[in-house]
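Here is work.json, consisting of JSON, C-alpha atoms:
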```json
[["chain", "number", "residue", "atom", "x", "y", "z"],
["A", 30, "MET", "CA", 190.41, 197.65, -45.39],
["A", 31, "ARG", "CA", 187.06, 196.92, -46.96],
["A", 32, "ALA", "CA", 183.53, 196.02, -45.88],
["A", 33, "PHE", "CA", 181.86, 193.69, -48.40],
["A", 34, "ILE", "CA", 178.11, 194.29, -48.35],
["A", 35, "PHE", "CA", 175.30, 192.22, -49.83],
["A", 36, "PRO", "CA", 171.84, 193.47, -50.89],
["A", 37, "GLY", "CA", 168.54, 191.84, -50.05],
["A", 38, "GLN", "CA", 165.04, 191.72, -51.45],
["A", 39, "GLY", "CA", 164.12, 194.75, -53.56],
["A", 40, "SER", "CA", 167.28, 194.91, -55.66],
["A", 41, "GLN", "CA", 166.16, 192.23, -58.13],
["A", 42, "SER", "CA", 165.64, 192.86, -61.85],
["A", 43, "VAL", "CA", 165.17, 190.69, -64.92],
["A", 44, "GLY", "CA", 168.56, 190.08, -66.51],
["A", 45, "MET", "CA", 170.44, 190.09, -63.21],
["A", 46, "GLY", "CA", 173.70, 188.17, -63.35],
["A", 47, "LYS", "CA", 173.43, 187.22, -67.04],
["A", 48, "ALA", "CA", 176.46, 189.26, -68.13],
["A", 49, "LEU", "CA", 178.52, 187.77, -65.29],
["A", 50, "ALA", "CA", 177.63, 184.24, -66.37],
["A", 51, "GLY", "CA", 178.58, 185.09, -69.93],
["A", 52, "ALA", "CA", 181.96, 186.52, -68.92],
["A", 53, "PHE", "CA", 183.16, 184.25, -66.11],
["A", 54, "ALA", "CA", 183.16, 180.46, -65.78],
["A", 55, "ALA", "CA", 183.19, 180.83, -61.99],
["A", 56, "ALA", "CA", 179.94, 182.81, -62.14],
["A", 57, "ARG", "CA", 178.32, 180.21, -64.42],
["A", 58, "GLU", "CA", 179.19, 177.52, -61.90],
["A", 59, "VAL", "CA", 177.35, 179.45, -59.18],
["A", 60, "PHE", "CA", 174.15, 179.61, -61.24],
["A", 61, "GLU", "CA", 174.41, 175.91, -62.10],
["A", 62, "GLU", "CA", 174.91, 174.91, -58.47],
["A", 63, "VAL", "CA", 171.93, 176.95, -57.28],
["A", 64, "ASP", "CA", 169.72, 175.56, -60.08],
["A", 65, "ASP", "CA", 170.66, 172.05, -58.96],
["A", 66, "ALA", "CA", 170.18, 172.80, -55.26],
["A", 67, "LEU", "CA", 166.67, 174.18, -55.82],
["A", 68, "ASN", "CA", 165.76, 171.74, -58.59],
["A", 69, "GLN", "CA", 164.63, 174.79, -60.57],
["A", 70, "ARG", "CA", 166.00, 176.82, -63.47],
["A", 71, "LEU", "CA", 166.27, 179.90, -61.27],
["A", 72, "SER", "CA", 168.95, 181.25, -63.62],
["A", 73, "LYS", "CA", 166.48, 181.26, -66.54],
["A", 74, "LEU", "CA", 163.93, 183.10, -64.41],
["A", 75, "MET", "CA", 166.57, 185.65, -63.37],
["A", 76, "TRP", "CA", 167.70, 186.27, -66.93],
["A", 77, "GLU", "CA", 164.41, 186.08, -68.82],
["A", 78, "GLY", "CA", 161.63, 186.69, -66.28],
["A", 79, "PRO", "CA", 158.72, 187.10, -66.09],
["A", 80, "GLU", "CA", 159.24, 189.82, -63.50],
["A", 81, "SER", "CA", 156.06, 188.85, -61.66],
["A", 82, "GLU", "CA", 157.49, 185.40, -60.94],
["A", 83, "LEU", "CA", 160.96, 186.72, -60.09],
["A", 84, "SER", "CA", 159.36, 189.09, -57.58],
["A", 85, "LEU", "CA", 157.79, 186.24, -55.59],
["A", 86, "THR", "CA", 159.57, 186.22, -52.24],
["A", 87, "GLU", "CA", 160.55, 182.56, -52.51],
["A", 88, "ASN", "CA", 162.34, 183.32, -55.81],
["A", 89, "THR", "CA", 163.64, 186.80, -55.10],
["A", 90, "GLN", "CA", 165.65, 185.91, -52.01],
["A", 91, "PRO", "CA", 167.75, 183.10, -53.54],
["A", 92, "ALA", "CA", 168.02, 185.05, -56.82],
["A", 93, "VAL", "CA", 169.57, 188.16, -55.27],
["A", 94, "MET", "CA", 171.96, 185.96, -53.28],
["A", 95, "THR", "CA", 172.96, 184.04, -56.40],
["A", 96, "ALA", "CA", 173.83, 187.19, -58.33],
["A", 97, "SER", "CA", 175.92, 188.46, -55.42],
["A", 98, "ILE", "CA", 177.85, 185.22, -54.98],
["A", 99, "ALA", "CA", 178.39, 184.92, -58.75],
["A", 100, "ALA", "CA", 180.11, 188.31, -58.68],
["A", 101, "LEU", "CA", 182.14, 187.28, -55.64],
["A", 102, "ARG", "CA", 183.29, 183.97, -57.14],
["A", 103, "ALA", "CA", 184.28, 185.70, -60.38],
["A", 104, "LEU", "CA", 186.39, 188.12, -58.37],
["A", 105, "GLU", "CA", 187.90, 185.33, -56.26],
["A", 106, "LYS", "CA", 188.86, 183.06, -59.14],
["A", 107, "GLY", "CA", 189.66, 185.69, -61.74],
["A", 108, "GLY", "CA", 190.94, 188.54, -59.63],
["A", 109, "GLY", "CA", 192.61, 186.83, -56.69],
["A", 110, "LEU", "CA", 190.21, 188.08, -54.02],
["A", 111, "GLN", "CA", 190.58, 186.45, -50.60],
["A", 112, "LEU", "CA", 188.10, 187.78, -48.07],
["A", 113, "SER", "CA", 190.36, 186.78, -45.19],
["A", 114, "LYS", "CA", 193.06, 188.99, -46.70],
["A", 115, "HIS", "CA", 191.16, 191.76, -48.49],
["A", 116, "ALA", "CA", 188.13, 192.30, -46.23],
["A", 117, "ARG", "CA", 187.73, 193.52, -42.67],
["A", 118, "LEU", "CA", 184.10, 192.43, -42.40],
["A", 119, "VAL", "CA", 180.92, 191.44, -44.27],
["A", 120, "ALA", "CA", 177.35, 192.63, -43.85],
["A", 121, "GLY", "CA", 174.06, 192.04, -45.62],
["A", 122, "HIS", "CA", 170.72, 193.81, -45.62],
["A", 123, "SER", "CA", 167.98, 191.47, -44.36],
["A", 124, "ALA", "CA", 168.05, 188.43, -46.71],
["A", 125, "GLY", "CA", 171.45, 189.71, -47.86],
["A", 126, "GLU", "CA", 172.83, 188.54, -44.53],
["A", 127, "TYR", "CA", 172.66, 184.98, -45.86],
["A", 128, "ALA", "CA", 174.76, 185.93, -48.90],
["A", 129, "ALA", "CA", 177.25, 187.65, -46.59],
["A", 130, "LEU", "CA", 177.52, 184.49, -44.50],
["A", 131, "CYS", "CA", 177.96, 182.34, -47.60],
["A", 132, "ALA", "CA", 180.73, 184.67, -48.77],
["A", 133, "ALA", "CA", 182.42, 184.45, -45.37],
["A", 134, "GLY", "CA", 182.35, 180.65, -45.40],
["A", 135, "ALA", "CA", 179.63, 180.03, -42.81],
["A", 136, "PHE", "CA", 177.25, 178.34, -45.28],
["A", 137, "SER", "CA", 177.79, 176.31, -48.42],
["A", 138, "LEU", "CA", 176.24, 177.84, -51.54],
["A", 139, "SER", "CA", 173.68, 175.05, -51.89],
["A", 140, "ASP", "CA", 172.63, 175.33, -48.25],
["A", 141, "THR", "CA", 172.31, 179.11, -48.62],
["A", 142, "ALA", "CA", 170.01, 178.76, -51.62],
["A", 143, "ARG", "CA", 167.81, 176.20, -49.87],
["A", 144, "LEU", "CA", 167.64, 178.26, -46.67],
["A", 145, "LEU", "CA", 166.52, 181.34, -48.59],
["A", 146, "ARG", "CA", 163.89, 179.36, -50.46],
["A", 147, "THR", "CA", 162.59, 178.12, -47.10],
["A", 148, "ARG", "CA", 162.79, 181.64, -45.63],
["A", 149, "GLY", "CA", 160.86, 183.18, -48.52],
["A", 150, "ARG", "CA", 158.07, 180.63, -48.33],
["A", 151, "ALA", "CA", 157.89, 180.82, -44.54],
["A", 152, "MET", "CA", 157.59, 184.60, -44.66],
["A", 153, "GLN", "CA", 154.76, 184.45, -47.18],
["A", 154, "ASP", "CA", 152.92, 181.74, -45.23],
["A", 155, "ALA", "CA", 153.23, 183.68, -41.96],
["A", 156, "SER", "CA", 150.90, 186.48, -43.05],
["A", 157, "PRO", "CA", 148.01, 186.13, -45.52],
["A", 158, "VAL", "CA", 148.17, 188.52, -48.48],
["A", 159, "GLY", "CA", 146.48, 191.82, -47.64],
["A", 160, "GLU", "CA", 146.79, 191.55, -43.88],
["A", 161, "GLY", "CA", 150.31, 192.97, -43.62],
["A", 162, "ALA", "CA", 152.02, 196.02, -45.09],
["A", 163, "MET", "CA", 155.24, 198.02, -45.06],
["A", 164, "SER", "CA", 155.90, 201.69, -45.71],
["A", 165, "ALA", "CA", 158.97, 203.89, -46.11],
["A", 166, "LEU", "CA", 158.95, 207.15, -44.17],
["A", 167, "LEU", "CA", 161.24, 209.85, -45.54],
["A", 168, "GLY", "CA", 162.61, 212.98, -43.89],
["A", 169, "ILE", "CA", 161.72, 212.20, -40.29],
["A", 170, "GLU", "CA", 163.73, 211.32, -37.18],
["A", 171, "MET", "CA", 163.60, 207.91, -35.54],
["A", 172, "ASN", "CA", 162.08, 209.11, -32.25],
["A", 173, "LEU", "CA", 159.12, 210.61, -34.11],
["A", 174, "VAL", "CA", 158.57, 207.43, -36.12],
["A", 175, "GLU", "CA", 158.62, 205.39, -32.92],
["A", 176, "GLU", "CA", 156.05, 207.78, -31.44],
["A", 177, "ALA", "CA", 153.82, 207.36, -34.51],
["A", 178, "CYS", "CA", 154.05, 203.58, -34.28],
["A", 179, "LYS", "CA", 153.21, 203.61, -30.59],
["A", 180, "GLU", "CA", 150.19, 205.85, -31.15],
["A", 181, "ALA", "CA", 148.97, 203.71, -34.08],
["A", 182, "SER", "CA", 149.26, 200.46, -32.13],
["A", 183, "ASP", "CA", 145.70, 200.83, -30.86],
["A", 184, "VAL", "CA", 144.48, 199.66, -34.30],
["A", 185, "GLY", "CA", 147.02, 196.87, -34.81],
["A", 186, "VAL", "CA", 150.69, 195.90, -34.84],
["A", 187, "VAL", "CA", 153.18, 198.39, -36.31],
["A", 188, "VAL", "CA", 156.92, 198.69, -35.61],
["A", 189, "VAL", "CA", 160.09, 200.10, -37.11],
["A", 190, "ALA", "CA", 161.36, 197.38, -39.46],
["A", 191, "ASN", "CA", 164.40, 198.97, -41.13],
["A", 192, "ASP", "CA", 166.58, 201.83, -39.95],
["A", 193, "ASN", "CA", 168.13, 202.21, -43.40],
["A", 194, "ALA", "CA", 169.76, 205.64, -43.45],
["A", 195, "PRO", "CA", 169.25, 209.14, -42.05],
["A", 196, "GLY", "CA", 165.74, 210.19, -43.06],
["A", 197, "GLN", "CA", 164.82, 206.75, -44.46],
["A", 198, "ILE", "CA", 162.96, 204.50, -42.04],
["A", 199, "VAL", "CA", 160.67, 201.57, -42.92],
["A", 200, "ILE", "CA", 157.72, 200.51, -40.78],
["A", 201, "SER", "CA", 155.91, 197.18, -40.87],
["A", 202, "GLY", "CA", 152.80, 195.57, -39.41],
["A", 203, "THR", "CA", 149.10, 195.08, -39.98],
["A", 204, "THR", "CA", 147.73, 197.10, -42.89],
["A", 205, "LYS", "CA", 145.45, 199.33, -40.81],
["A", 206, "ALA", "CA", 148.13, 200.13, -38.27],
["A", 207, "VAL", "CA", 150.73, 200.95, -40.93],
["A", 208, "GLU", "CA", 148.27, 203.27, -42.70],
["A", 209, "ARG", "CA", 147.50, 204.98, -39.39],
["A", 210, "ALA", "CA", 151.21, 205.36, -38.56],
["A", 211, "ASN", "CA", 151.77, 206.89, -42.02],
["A", 212, "GLU", "CA", 149.17, 209.56, -41.28],
["A", 213, "LEU", "CA", 150.61, 210.30, -37.84],
["A", 214, "ALA", "CA", 154.17, 210.46, -39.19],
["A", 215, "LYS", "CA", 153.15, 213.02, -41.80],
["A", 216, "LYS", "CA", 151.64, 215.16, -39.05],
["A", 217, "LYS", "CA", 154.94, 214.88, -37.17],
["A", 218, "GLY", "CA", 156.91, 216.14, -40.18],
["A", 219, "ALA", "CA", 157.59, 213.20, -42.50],
["A", 220, "LYS", "CA", 158.11, 214.48, -46.03],
["A", 221, "ARG", "CA", 156.67, 211.35, -47.62],
["A", 222, "ALA", "CA", 155.12, 208.01, -46.67],
["A", 223, "ILE", "CA", 155.59, 205.49, -49.47],
["A", 224, "PRO", "CA", 153.75, 202.15, -49.31],
["A", 225, "LEU", "CA", 156.12, 199.36, -50.35],
["A", 226, "ASN", "CA", 155.19, 196.77, -52.95],
["A", 227, "VAL", "CA", 155.57, 193.79, -50.63],
["A", 228, "SER", "CA", 153.12, 191.17, -49.49],
["A", 229, "THR", "CA", 154.64, 190.38, -46.10],
["A", 230, "PRO", "CA", 155.13, 192.53, -42.96],
["A", 231, "ASN", "CA", 158.87, 191.84, -42.72],
["A", 232, "HIS", "CA", 160.84, 192.38, -39.51],
["A", 233, "SER", "CA", 157.75, 192.62, -37.35],
["A", 234, "PRO", "CA", 156.24, 190.37, -34.66],
["A", 235, "LEU", "CA", 153.77, 189.12, -37.28],
["A", 236, "LEU", "CA", 156.56, 186.99, -38.76],
["A", 237, "LYS", "CA", 157.04, 184.87, -35.65],
["A", 238, "PRO", "CA", 155.67, 181.76, -37.44],
["A", 239, "ALA", "CA", 158.38, 182.24, -40.09],
["A", 240, "ALA", "CA", 161.02, 182.63, -37.38],
["A", 241, "ASP", "CA", 159.89, 179.33, -35.86],
["A", 242, "LYS", "CA", 160.23, 177.57, -39.23],
["A", 243, "MET", "CA", 163.68, 179.06, -39.77],
["A", 244, "ARG", "CA", 164.77, 177.89, -36.32],
["A", 245, "GLU", "CA", 163.96, 174.34, -37.44],
["A", 246, "ALA", "CA", 165.65, 174.77, -40.83],
["A", 247, "LEU", "CA", 168.81, 176.33, -39.39],
["A", 248, "ALA", "CA", 169.09, 173.57, -36.77],
["A", 249, "ARG", "CA", 169.65, 171.09, -39.59],
["A", 250, "ILE", "CA", 172.41, 173.11, -41.29],
["A", 251, "THR", "CA", 176.14, 173.07, -40.57],
["A", 252, "ILE", "CA", 177.38, 176.60, -39.85],
["A", 253, "ARG", "CA", 181.13, 177.13, -39.89],
["A", 254, "PRO", "CA", 183.05, 179.97, -38.20],
["A", 255, "THR", "CA", 183.33, 182.96, -40.55],
["A", 256, "VAL", "CA", 186.68, 183.91, -42.11],
["A", 257, "VAL", "CA", 185.88, 187.56, -41.32],
["A", 258, "PRO", "CA", 183.24, 188.86, -38.90],
["A", 259, "LEU", "CA", 179.65, 189.51, -39.89],
["A", 260, "ILE", "CA", 178.02, 192.72, -38.71],
["A", 261, "SER", "CA", 174.62, 191.44, -37.58],
["A", 262, "ASN", "CA", 171.40, 193.21, -38.60],
["A", 263, "VAL", "CA", 170.00, 192.56, -35.13],
["A", 264, "THR", "CA", 172.90, 193.86, -33.01],
["A", 265, "ALA", "CA", 174.85, 196.12, -35.44],
["A", 266, "SER", "CA", 177.97, 194.45, -34.02],
["A", 267, "GLU", "CA", 180.45, 191.72, -34.96],
["A", 268, "VAL", "CA", 179.57, 188.03, -34.82],
["A", 269, "GLY", "CA", 181.43, 184.95, -36.05],
["A", 270, "ASP", "CA", 180.42, 182.13, -33.71],
["A", 271, "PRO", "CA", 178.16, 179.56, -35.44],
["A", 272, "ASP", "CA", 175.68, 179.17, -32.56],
["A", 273, "ARG", "CA", 175.31, 182.92, -32.19],
["A", 274, "ILE", "CA", 174.83, 183.32, -35.95],
["A", 275, "ARG", "CA", 172.09, 180.69, -35.89],
["A", 276, "SER", "CA", 170.14, 182.41, -33.11],
["A", 277, "LEU", "CA", 170.51, 185.88, -34.65],
["A", 278, "LEU", "CA", 169.21, 184.69, -38.03],
["A", 279, "VAL", "CA", 166.06, 183.46, -36.31],
["A", 280, "GLU", "CA", 165.67, 186.70, -34.37],
["A", 281, "GLN", "CA", 166.32, 188.75, -37.52],
["A", 282, "LEU", "CA", 162.93, 187.88, -39.02],
["A", 283, "THR", "CA", 161.02, 189.73, -36.30],
["A", 284, "ALA", "CA", 163.69, 192.29, -35.31],
["A", 285, "ARG", "CA", 164.66, 195.69, -36.68],
["A", 286, "VAL", "CA", 167.33, 195.82, -39.39],
["A", 287, "ARG", "CA", 169.87, 198.21, -37.89],
["A", 288, "TRP", "CA", 171.58, 199.08, -41.16],
["A", 289, "ARG", "CA", 172.32, 202.75, -40.42],
["A", 290, "GLU", "CA", 174.02, 201.82, -37.15],
["A", 291, "SER", "CA", 175.91, 198.98, -38.82],
["A", 292, "VAL", "CA", 177.38, 201.13, -41.59],
["A", 293, "ALA", "CA", 178.07, 204.01, -39.19],
["A", 294, "GLY", "CA", 180.37, 201.66, -37.27],
["A", 295, "PHE", "CA", 182.41, 200.42, -40.23],
["A", 296, "ARG", "CA", 185.22, 202.98, -40.03],
["A", 297, "ALA", "CA", 185.67, 202.46, -36.28],
["A", 298, "LEU", "CA", 186.23, 198.77, -37.08],
["A", 299, "GLY", "CA", 188.88, 199.62, -39.68],
["A", 300, "ALA", "CA", 186.88, 199.55, -42.92],
["A", 301, "ALA", "CA", 187.35, 202.62, -45.12],
["A", 302, "MET", "CA", 185.60, 201.24, -48.24],
["A", 303, "THR", "CA", 182.33, 199.43, -48.90],
["A", 304, "VAL", "CA", 182.09, 196.96, -51.79],
["A", 305, "GLU", "CA", 178.51, 196.15, -52.78],
["A", 306, "MET", "CA", 178.24, 192.79, -54.53],
["A", 307, "GLY", "CA", 175.49, 193.30, -57.10],
["A", 308, "GLY", "CA", 172.25, 195.01, -56.15],
["A", 309, "ASN", "CA", 171.94, 197.96, -58.53],
["A", 310, "LYS", "CA", 173.65, 200.28, -56.02],
["A", 311, "VAL", "CA", 170.75, 200.07, -53.55],
["A", 312, "LEU", "CA", 173.03, 199.72, -50.53],
["A", 313, "THR", "CA", 175.66, 202.06, -51.97],
["A", 314, "GLY", "CA", 173.08, 204.85, -51.99],
["A", 315, "MET", "CA", 172.38, 204.24, -48.31],
["A", 316, "VAL", "CA", 176.11, 204.17, -47.49],
["A", 317, "LYS", "CA", 176.59, 207.60, -49.05],
["A", 318, "ARG", "CA", 173.86, 209.00, -46.81],
["A", 319, "ILE", "CA", 175.17, 207.34, -43.66],
["A", 320, "ASP", "CA", 178.90, 208.09, -43.85],
["A", 321, "LYS", "CA", 180.26, 210.35, -46.58],
["A", 322, "ASP", "CA", 183.84, 209.47, -45.60],
["A", 323, "LEU", "CA", 183.43, 205.83, -46.66],
["A", 324, "GLU", "CA", 184.48, 205.08, -50.24],
["A", 325, "PRO", "CA", 181.64, 203.15, -51.90],
["A", 326, "VAL", "CA", 182.18, 200.70, -54.78],
["A", 327, "THR", "CA", 179.52, 198.63, -56.56],
["A", 328, "LEU", "CA", 180.34, 195.48, -58.51],
["A", 329, "ASP", "CA", 177.50, 194.71, -60.92],
["A", 330, "SER", "CA", 179.13, 194.11, -64.30],
["A", 331, "PRO", "CA", 182.13, 192.23, -65.72],
["A", 332, "ALA", "CA", 183.84, 195.59, -66.29],
["A", 333, "ASP", "CA", 183.28, 196.53, -62.62],
["A", 334, "ILE", "CA", 184.87, 193.28, -61.48],
["A", 335, "GLU", "CA", 187.84, 193.52, -63.84],
["A", 336, "ALA", "CA", 188.54, 197.10, -62.77],
["A", 337, "PHE", "CA", 188.24, 196.31, -59.07],
["A", 338, "ALA", "CA", 190.51, 193.27, -59.35],
["A", 339, "LYS", "CA", 193.34, 195.59, -60.38],
["A", 340, "THR", "CA", 193.08, 197.39, -57.03],
["A", 341, "LEU", "CA", 193.60, 194.28, -54.89]]
```
Rewrite the structure from the file as structure tokens, please.
Amino acid sequence: MRAFIFPGQGSQSVGMGKALAGAFAAAREVFEEVDDALNQRLSKLMWEGPESELSLTENTQPAVMTASIAALRALEKGGGLQLSKHARLVAGHSAGEYAALCAAGAFSLSDTARLLRTRGRAMQDASPVGEGAMSALLGIEMNLVEEACKEASDVGVVVVANDNAPGQIVISGTTKAVERANELAKKKGAKRAIPLNVSTPNHSPLLKPAADKMREALARITIRPTVVPLISNVTASEVGDPDRIRSLLVEQLTARVRWRESVAGFRALGAAMTVEMGGNKVLTGMVKRIDKDLEPVTLDSPADIEAFAKTL
């Protein structure tokens, strides 16, 4: 069986989804529905840029989701994909969790787009530009990163935000504390500390105001039981109950993304293959580092979708 996985912020690029819309009517319908839901020509921004505007959090999050769901709908309508039949589970990285839930039937497409627009704006509003930062630490074990964060906490807030893959851990918090944790991590053996080009300290306690706004937004949305389980970022375990999904999506904004643990558990749950829906192979690269026995597939182009459809 297969795990269908959905990328989050950071996998965007100008031109994303354009070839899918040109090749598949089902994909075009996705872009049209999202444009209508947001009252914005998001599709034009995705296909033509400018990149600076596409990279704004409030645009990036619904854009990445839209490209993923366009690929999924093309595969469903043109290739006969049925998640309930062809998938064991779904998972998404951070904002990608919303796309995963849309794919699994928990959210309507329009609701998903509006939720991600709200989420992006809430995240930006929660922390003024310049006050928060994130950094990727490479080649260091989790216990040493946690030590560095604890030692740097005397100058501000800093926590592990993403446990992405072996040797790839992201930290988040106030700018001074993140910079201090970078220095300490290097002393503890980190090969590199790479500041990330983001304006919000994602998955840290600093985003509590955003979590509060999302609690209000999610309370107004109908969430249906999923057709296949979601592997939650927060728990790295299966969830399908609407009320539990709602609470975990709120918690997700301030909690660690447990991606390495999630993927490491796929085979035990019966998934031997991962299928990344769009995303420029960002998640596929992580999968290869986490579990070399999983078979990774990425569906970015019309040719990818047509070839994969023949395997169903």
Padded axis-aligned box of stretch 271-281 of chain A (4 Å per side), centre and edge lengths, Å, one decimal, as AutoDock Vina command-line options:
```
--center_x 171.9 --center_y 184.0 --center_z -35.1 --size_x 20.5 --size_y 17.6 --size_z 13.8
```
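Minimum atom-to-atom distances from A:Pro254, A:Pro238, A:Gln153, A:Met315 to A:Gln197 were compared using only C-alpha atoms, and the lowest value belongs to A:Met315.
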> A:Glu305: which residues within 7 Å, counting only C-alpha atoms, same-chain residues fewer than 2 positions away excluded, as a VMD selection string?
Replying inline: chain A and resid 33 to 35 303 307 312 to 313 326 to 328
>> Under the rule that all atoms listed in the file are counted, which of A:Gln90, A:Val187, A:Asp65, A:His115 is the nearest residue to A:Gly39?
In response: A:Gln90
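Using all atoms listed in the file, the shortest contact distance between A:Asn193 and any of A:Leu112, A:Ile274, A:Leu166, A:Leu67 is found at A:Leu166.
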> Do you have the atom CA of A:Pro258-atom CA of A:Ala120 distance handy?
Replying inline: 8.6 Å
>> Report, in Å with one decimal, the straight-line distance from atom CA of A:Gly185 to atom CA of A:Val199.
In response: 16.6 Å
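Take atom CA of A:Arg117 and atom CA of A:Phe53: the distance between them is 25.6 Å.
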>> Which residues are near stretch 224-227 of chain A? Cut-off 12 Å, all atoms listed in the file, ignore same chain within fewer than 3 positions. Put them as a PyMOL selection string.
In response: chain A and resi 38-39+81+84-86+89+152-153+156-167+198-202+204+207-208+210-212+221+230-231
>> Give me, as JSON, numbers by chain, all polymer residues having an atom no more than 12 Å from A:Ala100, counting only C-alpha atoms and skipping those fewer than 2 positions away in the same chain.
In response: {"A": [33, 35, 45, 46, 47, 48, 49, 50, 51, 52, 53, 54, 55, 56, 57, 58, 59, 60, 93, 94, 95, 96, 97, 98, 102, 103, 104, 105, 106, 107, 108, 110, 128, 132, 304, 305, 306, 307, 308, 327, 328, 329, 330, 331, 332, 333, 334, 335, 337, 338]}
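Within 6 Å of A:Thr255, once all atoms listed in the file are used and residues closer than 2 positions along the same chain are dropped, the contacting residues are Ala133, Gly134, Ala135, Val257 and Gly269 of chain A.
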> Can you tell me, as an MDAnalysis selection string, which residues sit within 9 Å of (192.1, 185.5, -38.7) in the file's frame, using all atoms listed in the file?
Replying inline: chainID A and resid 113:114 256:257
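Here the question is which of A:Ile169, A:Val263, A:Val268, A:Ala99 gets nearest to A:Glu62 using all atoms listed in the file, and that residue is A:Ala99.
Nearest residue to A:Arg143 among A:Leu74, A:Leu213, A:Val63, A:Val189 is A:Val63, counting all atoms listed in the file.
The closest residue to A:Ser228, picked from A:Glu180, A:Asp320, A:Glu87, A:Asp272 and counting all atoms listed in the file, is A:Glu87.
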Kindly complete stretch 194-210 of chain A to N, CA and C atoms; the output should be written as an mmCIF file, keeping the file's coordinate frame.
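Output below, filename selection_11.cif:
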```
data_model
loop_
_atom_site.group_PDB
_atom_site.id
_atom_site.type_symbol
_atom_site.label_atom_id
_atom_site.label_comp_id
_atom_site.auth_asym_id
_atom_site.auth_seq_id
_atom_site.Cartn_x
_atom_site.Cartn_y
_atom_site.Cartn_z
ATOM 1 N N ALA A 194 168.833 204.518 -43.283
ATOM 2 C CA ALA A 194 169.760 205.640 -43.450
ATOM 3 C C ALA A 194 169.103 206.862 -42.826
ATOM 4 N N PRO A 195 169.867 207.921 -42.594
ATOM 5 C CA PRO A 195 169.250 209.140 -42.050
ATOM 6 C C PRO A 195 168.077 209.592 -42.928
ATOM 7 N N GLY A 196 166.917 209.743 -42.318
ATOM 8 C CA GLY A 196 165.740 210.190 -43.060
ATOM 9 C C GLY A 196 165.083 209.122 -43.900
ATOM 10 N N GLN A 197 165.447 207.847 -43.715
ATOM 11 C CA GLN A 197 164.820 206.750 -44.460
ATOM 12 C C GLN A 197 164.571 205.584 -43.516
ATOM 13 N N ILE A 198 163.341 205.493 -43.034
ATOM 14 C CA ILE A 198 162.960 204.500 -42.040
ATOM 15 C C ILE A 198 161.746 203.732 -42.570
ATOM 16 N N VAL A 199 161.768 202.416 -42.445
ATOM 17 C CA VAL A 199 160.670 201.570 -42.920
ATOM 18 C C VAL A 199 159.908 201.022 -41.739
ATOM 19 N N ILE A 200 158.567 201.084 -41.823
ATOM 20 C CA ILE A 200 157.720 200.510 -40.780
ATOM 21 C C ILE A 200 156.974 199.308 -41.347
ATOM 22 N N SER A 201 156.515 198.437 -40.448
ATOM 23 C CA SER A 201 155.910 197.180 -40.870
ATOM 24 C C SER A 201 154.868 196.752 -39.851
ATOM 25 N N GLY A 202 153.817 196.078 -40.332
ATOM 26 C CA GLY A 202 152.800 195.570 -39.410
ATOM 27 C C GLY A 202 151.501 195.270 -40.121
ATOM 28 N N THR A 203 150.413 195.290 -39.372
ATOM 29 C CA THR A 203 149.100 195.080 -39.980
ATOM 30 C C THR A 203 148.759 196.287 -40.855
ATOM 31 N N THR A 204 148.000 196.052 -41.900
ATOM 32 C CA THR A 204 147.730 197.100 -42.890
ATOM 33 C C THR A 204 147.117 198.349 -42.267
ATOM 34 N N LYS A 205 146.114 198.164 -41.422
ATOM 35 C CA LYS A 205 145.450 199.330 -40.810
ATOM 36 C C LYS A 205 146.402 200.128 -39.940
ATOM 37 N N ALA A 206 147.220 199.448 -39.176
ATOM 38 C CA ALA A 206 148.130 200.130 -38.270
ATOM 39 C C ALA A 206 149.226 200.873 -39.038
ATOM 40 N N VAL A 207 149.716 200.274 -40.117
ATOM 41 C CA VAL A 207 150.730 200.950 -40.930
ATOM 42 C C VAL A 207 150.140 202.205 -41.577
ATOM 43 N N GLU A 208 148.921 202.096 -42.092
ATOM 44 C CA GLU A 208 148.270 203.270 -42.700
ATOM 45 C C GLU A 208 148.080 204.373 -41.664
ATOM 46 N N ARG A 209 147.693 203.998 -40.462
ATOM 47 C CA ARG A 209 147.500 204.980 -39.390
ATOM 48 C C ARG A 209 148.835 205.617 -39.002
ATOM 49 N N ALA A 210 149.888 204.821 -38.897
ATOM 50 C CA ALA A 210 151.210 205.360 -38.560
ATOM 51 C C ALA A 210 151.717 206.293 -39.657
#
```
